[in-house]
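As structure tokens, the structure follows; a few thoughts come after it.
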Amino acid sequence: MRRWRLVLGGGDADGTGCALEGADAQMDAALAAVYDQDGREGQSRREGGLGASAPRVARWLGDIRTYFPSTVVQVMQKDAIERLNLTRLLLEPEMLEAVEPDVHLVGTLLALNRVMPEQARESARAVVRKVVAELERRLAQRTRAAVTGALDRSARTHRPRRVSDIDWDRTIRANLKNYLPERNTVVPSRLVGYARRQRSVQREVVLCIDQSGSMAASVVYSSMFGAVLASMRSLKTSLVVFDTAVVDLTEQLHDPVELLFGTQLGGGTDINRAIAYSQGLITRPADSIFILISDLYEGGVRAEMLRRVAAMTQAGVQVIVLLALSDEGAPFYDHDNAAALAAMGVPAFACTPDAFPDLMAAAIERRDLARWAERHTGA
């Protein structure tokens, strides 16, 4: 009954008849501040809300960190920012020091970047730096391992130049049908070997990221992955962000924090213009992977956008369209544009950060990405 009382929020209609005391009452008050709204012109069923008081918000942040685990705290912070319009308070250094850092908070800070007072900037950078470090710890090594393995597999040859280049295990497996029992041996009609390891760039990767407000989490994850890919010598990685303008942030890929602060969330969307710029970055189409991360709501010339994508695929570029790169579930996107791309053989689907390393490996090996998406995302 106590738990039902906390869920239902009290009042005459909850039916529990259960009174809360001590820590339970404090927990209930923390929940009520955000969730006791009935949705009618801001009226609430009972006292709640955080007002516009920074001290009160700071106390509330302390309370929720006391009573709830960090994963719940992150959800409550996100809901409080959205429901109670607390973005203005995030411009205060004291507030930034009290919040629990996560991807959604970073997205909010990036959206406020241009109006953030100078005294809050270092606190904001500390929040972003902590989130980026956690993402790198979680995903960077997996990404490097998946990409390196895919590059090695794609470099196999059926004409190894030297005996030392032969992959004997795979050669034997490929020729088991040629086993001669009387001689107790396998006749290798087809050799499988390693191409000579290349020290030069093997693939060009262009990340083209929609920085409209709805893509905040995708911008954060994409920037982190871009920095990881840029650290690999076998890849030439470029990163472009766009709204109605296009900004090339490739030179900042060495520092993910600076890279994120170079973005500007919000504004319109001109996908065609961004693709046109990205085409100029590709010098080896057959060895290039172009990743467009966008919800496909085009504010520019739609027909021209589709024509450019078709031209890239015909030139041999591996084109991938991600409707979202985040953990947020099914995204909102332009279904007509997604269907038009699919008709060209360019599937558009959402991808979680955990699945992105395997997606990169599939792209490098030129596997069927539509089938990959069905298997990994249910698209």
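Ligands are numbered from 1 in the order shown, chains are lettered A, B, ... in the order of the structure tokens, and residues start at 1 in each chain.
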Write out as a PyMOL selection string all residues of range 260-309 of chain A that backbone DSSP assigns to strand (DSSP E or B).
-> chain A and resi 288-293
So that I have them on file, write out the residues from the current selection with N, CA and C atoms, as a compact mmCIF listing (two decimals), in the first residue's frame.
# COMPACT_ATOMS: atom_id res chain seq x y z
N SER A 288 34.51 4.58 -49.70
CA SER A 288 33.98 5.61 -48.80
C SER A 288 32.65 5.18 -48.18
N ILE A 289 32.45 5.62 -46.94
CA ILE A 289 31.20 5.38 -46.21
C ILE A 289 30.65 6.75 -45.80
N PHE A 290 29.45 7.04 -46.27
CA PHE A 290 28.79 8.30 -45.94
C PHE A 290 27.64 8.01 -44.99
N ILE A 291 27.67 8.60 -43.80
CA ILE A 291 26.64 8.34 -42.78
C ILE A 291 25.89 9.64 -42.52
N LEU A 292 24.64 9.67 -42.96
CA LEU A 292 23.76 10.81 -42.71
C LEU A 292 22.92 10.50 -41.48
N ILE A 293 23.00 11.35 -40.46
CA ILE A 293 22.25 11.15 -39.22
C ILE A 293 21.22 12.28 -39.14
Give me the residues within 12 Å of Ala340 in chain A as a list in words, counting only C-alpha atoms and dropping any in the same chain fewer than 5 places off.
->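 Selected residues are Leu296, Arg302, Ala303, Met305, Leu306, Arg307, Val309, Ala310, Val321, Asp334, His335, Gly345, Val346, Pro347 and Ala348 of chain A.
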Taking a cut-off of 12 Å and counting only C-alpha atoms, can you build a table that, for each residue of range 43-123 of chain A near range 242-258 of chain A, reports the nearest atom pair and how far apart they are in Å (one decimal), sorted by chain then residue number, as a tab-separated table?
residue	atom	partner	partner_atom	distance
A:Val106	CA	A:Val257	CA	10.4
A:Leu110	CA	A:Val257	CA	10.7
A:Asn113	CA	A:Glu258	CA	11.9
A:Glu122	CA	A:Val257	CA	11.5
Can you write out the residues you just picked, keeping N, CA, C and O atoms, as a PDB file, in the first residue's frame?
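Result file is out_30.pdb:
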ATOM      1  N   VAL A 106      23.588  17.038 -21.468  1.00  0.00           N
ATOM      2  CA  VAL A 106      24.571  17.607 -22.395  1.00  0.00           C
ATOM      3  C   VAL A 106      23.855  18.248 -23.583  1.00  0.00           C
ATOM      4  O   VAL A 106      24.207  19.352 -24.010  1.00  0.00           O
ATOM      5  N   LEU A 110      24.167  22.146 -24.712  1.00  0.00           N
ATOM      6  CA  LEU A 110      24.606  22.553 -26.043  1.00  0.00           C
ATOM      7  C   LEU A 110      23.596  23.492 -26.689  1.00  0.00           C
ATOM      8  O   LEU A 110      23.965  24.425 -27.397  1.00  0.00           O
ATOM      9  N   ASN A 113      24.206  26.885 -25.362  1.00  0.00           N
ATOM     10  CA  ASN A 113      25.605  27.292 -25.465  1.00  0.00           C
ATOM     11  C   ASN A 113      25.767  28.763 -25.835  1.00  0.00           C
ATOM     12  O   ASN A 113      26.595  29.473 -25.266  1.00  0.00           O
ATOM     13  N   GLU A 122      32.597  27.042 -17.717  1.00  0.00           N
ATOM     14  CA  GLU A 122      33.526  26.022 -17.237  1.00  0.00           C
ATOM     15  C   GLU A 122      32.790  24.898 -16.533  1.00  0.00           C
ATOM     16  O   GLU A 122      33.156  23.725 -16.668  1.00  0.00           O
TER      17      GLU A 122
END
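The residue that comes closest to Leu112 in chain A, out of A:Gln264, A:Thr66, A:Ser154, A:Asn175 and on the basis of only C-alpha atoms, is A:Gln264.
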Nearest to His104 in chain A, chosen from A:Arg367, A:Arg56, A:Arg233, A:Lys78, with only C-alpha atoms counted in the distances =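 Residue with the minimum atom-to-atom distance to His104 in chain A: A:Lys78.
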Selection: 12 Å around Gly329 in chain A, only C-alpha atoms, excl. self and same-chain fewer than 4 positions, as a PyMOL selection string = chain A and resi 217-218+323-325+349-353+377-379
Have a look at CA of Ile364 in chain A and CA of Leu341 in chain A and let me know their distance in Å, one decimal.
->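 Distance reported for this atom pair: 20.2 Å.
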Sel. of alpha helix (DSSP H) residues, range 133-325 of chain A, as an MDAnalysis selection string | chainID A and resid 133:154 168:174 216:230 256:261 271:279 302:314
Those residues with C-alpha atoms, as a CSV table (one decimal), in the first residue's frame please?
chain,number,residue,atom,x,y,z
A,133,ALA,CA,34.6,10.2,-20.7
A,134,GLU,CA,31.9,7.8,-19.6
A,135,LEU,CA,30.9,7.2,-23.3
A,136,GLU,CA,34.4,6.7,-24.3
A,137,ARG,CA,34.9,4.1,-21.5
A,138,ARG,CA,31.8,2.3,-22.6
A,139,LEU,CA,32.1,2.4,-26.4
A,140,ALA,CA,35.5,3.4,-27.7
A,141,GLN,CA,37.4,0.1,-27.4
A,142,ARG,CA,34.5,-1.9,-28.9
A,143,THR,CA,34.3,0.5,-31.8
A,144,ARG,CA,38.1,0.2,-32.5
A,145,ALA,CA,38.0,-3.6,-32.2
A,146,ALA,CA,35.0,-3.9,-34.5
A,147,VAL,CA,36.4,-1.6,-37.2
A,148,THR,CA,39.9,-3.1,-37.1
A,149,GLY,CA,38.5,-6.6,-37.4
A,150,ALA,CA,36.3,-5.6,-40.4
A,151,LEU,CA,39.2,-3.9,-42.1
A,152,ASP,CA,41.4,-7.1,-41.7
A,153,ARG,CA,38.6,-9.3,-43.0
A,154,SER,CA,38.0,-7.1,-46.0
A,168,TRP,CA,46.0,-22.0,-43.5
A,169,ASP,CA,43.0,-22.4,-41.2
A,170,ARG,CA,40.6,-20.8,-43.7
A,171,THR,CA,42.3,-22.4,-46.7
A,172,ILE,CA,41.8,-25.9,-45.2
A,173,ARG,CA,38.1,-25.2,-44.4
A,174,ALA,CA,37.5,-23.8,-47.9
A,216,ALA,CA,20.4,16.4,-29.5
A,217,ALA,CA,21.2,12.9,-28.2
A,218,SER,CA,22.3,11.8,-31.7
A,219,VAL,CA,24.6,14.8,-31.9
A,220,VAL,CA,26.3,13.8,-28.7
A,221,TYR,CA,26.8,10.2,-29.6
A,222,SER,CA,27.8,10.9,-33.2
A,223,SER,CA,30.5,13.4,-32.1
A,224,MET,CA,31.9,10.9,-29.7
A,225,PHE,CA,32.0,8.1,-32.4
A,226,GLY,CA,33.5,10.6,-34.8
A,227,ALA,CA,36.4,11.3,-32.4
A,228,VAL,CA,37.0,7.6,-32.0
A,229,LEU,CA,37.0,6.9,-35.7
A,230,ALA,CA,39.3,9.8,-36.3
A,256,PRO,CA,35.3,15.6,-28.3
A,257,VAL,CA,34.4,18.3,-25.8
A,258,GLU,CA,35.5,21.2,-28.1
A,259,LEU,CA,33.7,19.4,-30.9
A,260,LEU,CA,30.4,19.3,-29.1
A,261,PHE,CA,30.7,23.0,-28.1
A,271,ILE,CA,19.9,18.2,-45.9
A,272,ASN,CA,20.5,18.8,-49.6
A,273,ARG,CA,23.1,21.5,-48.8
A,274,ALA,CA,24.8,19.3,-46.3
A,275,ILE,CA,25.0,16.4,-48.7
A,276,ALA,CA,26.4,18.7,-51.4
A,277,TYR,CA,29.2,19.8,-49.1
A,278,SER,CA,29.9,16.2,-48.0
A,279,GLN,CA,30.2,15.0,-51.6
A,302,ARG,CA,13.9,17.4,-51.5
A,303,ALA,CA,14.2,16.3,-55.2
A,304,GLU,CA,17.8,17.5,-55.3
A,305,MET,CA,18.6,15.8,-52.0
A,306,LEU,CA,17.4,12.4,-53.3
A,307,ARG,CA,19.2,12.9,-56.6
A,308,ARG,CA,22.5,13.5,-54.7
A,309,VAL,CA,22.1,10.4,-52.7
A,310,ALA,CA,21.4,8.4,-55.8
A,311,ALA,CA,24.5,9.8,-57.4
A,312,MET,CA,26.6,8.8,-54.4
A,313,THR,CA,25.4,5.2,-54.4
A,314,GLN,CA,25.9,4.9,-58.2
Coordinates-based distance that separates CA of Asp358 in chain A from CA of Ala373 in chain A (Å, one decimal) |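 Pair CA of Ala373 in chain A / CA of Asp358 in chain A returns 10.8 Å.
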Nearest to Ala111 in chain A: which of A:Pro285, A:Ser214, A:Ile209, A:Glu298 is it, counting only C-alpha atoms?
-> A:Ser214
So how many Å separate CA of Ala98 in chain A and CA of Asp24 in chain A, to one decimal?
->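 That distance, rounded to one decimal, is 22.2 Å.
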Distance query Glu100 in chain A at most 8 Å, only C-alpha atoms, self and fewer than 4 positions along chain excluded, as JSON, numbers by chain | {"A": [70, 73, 74, 77]}
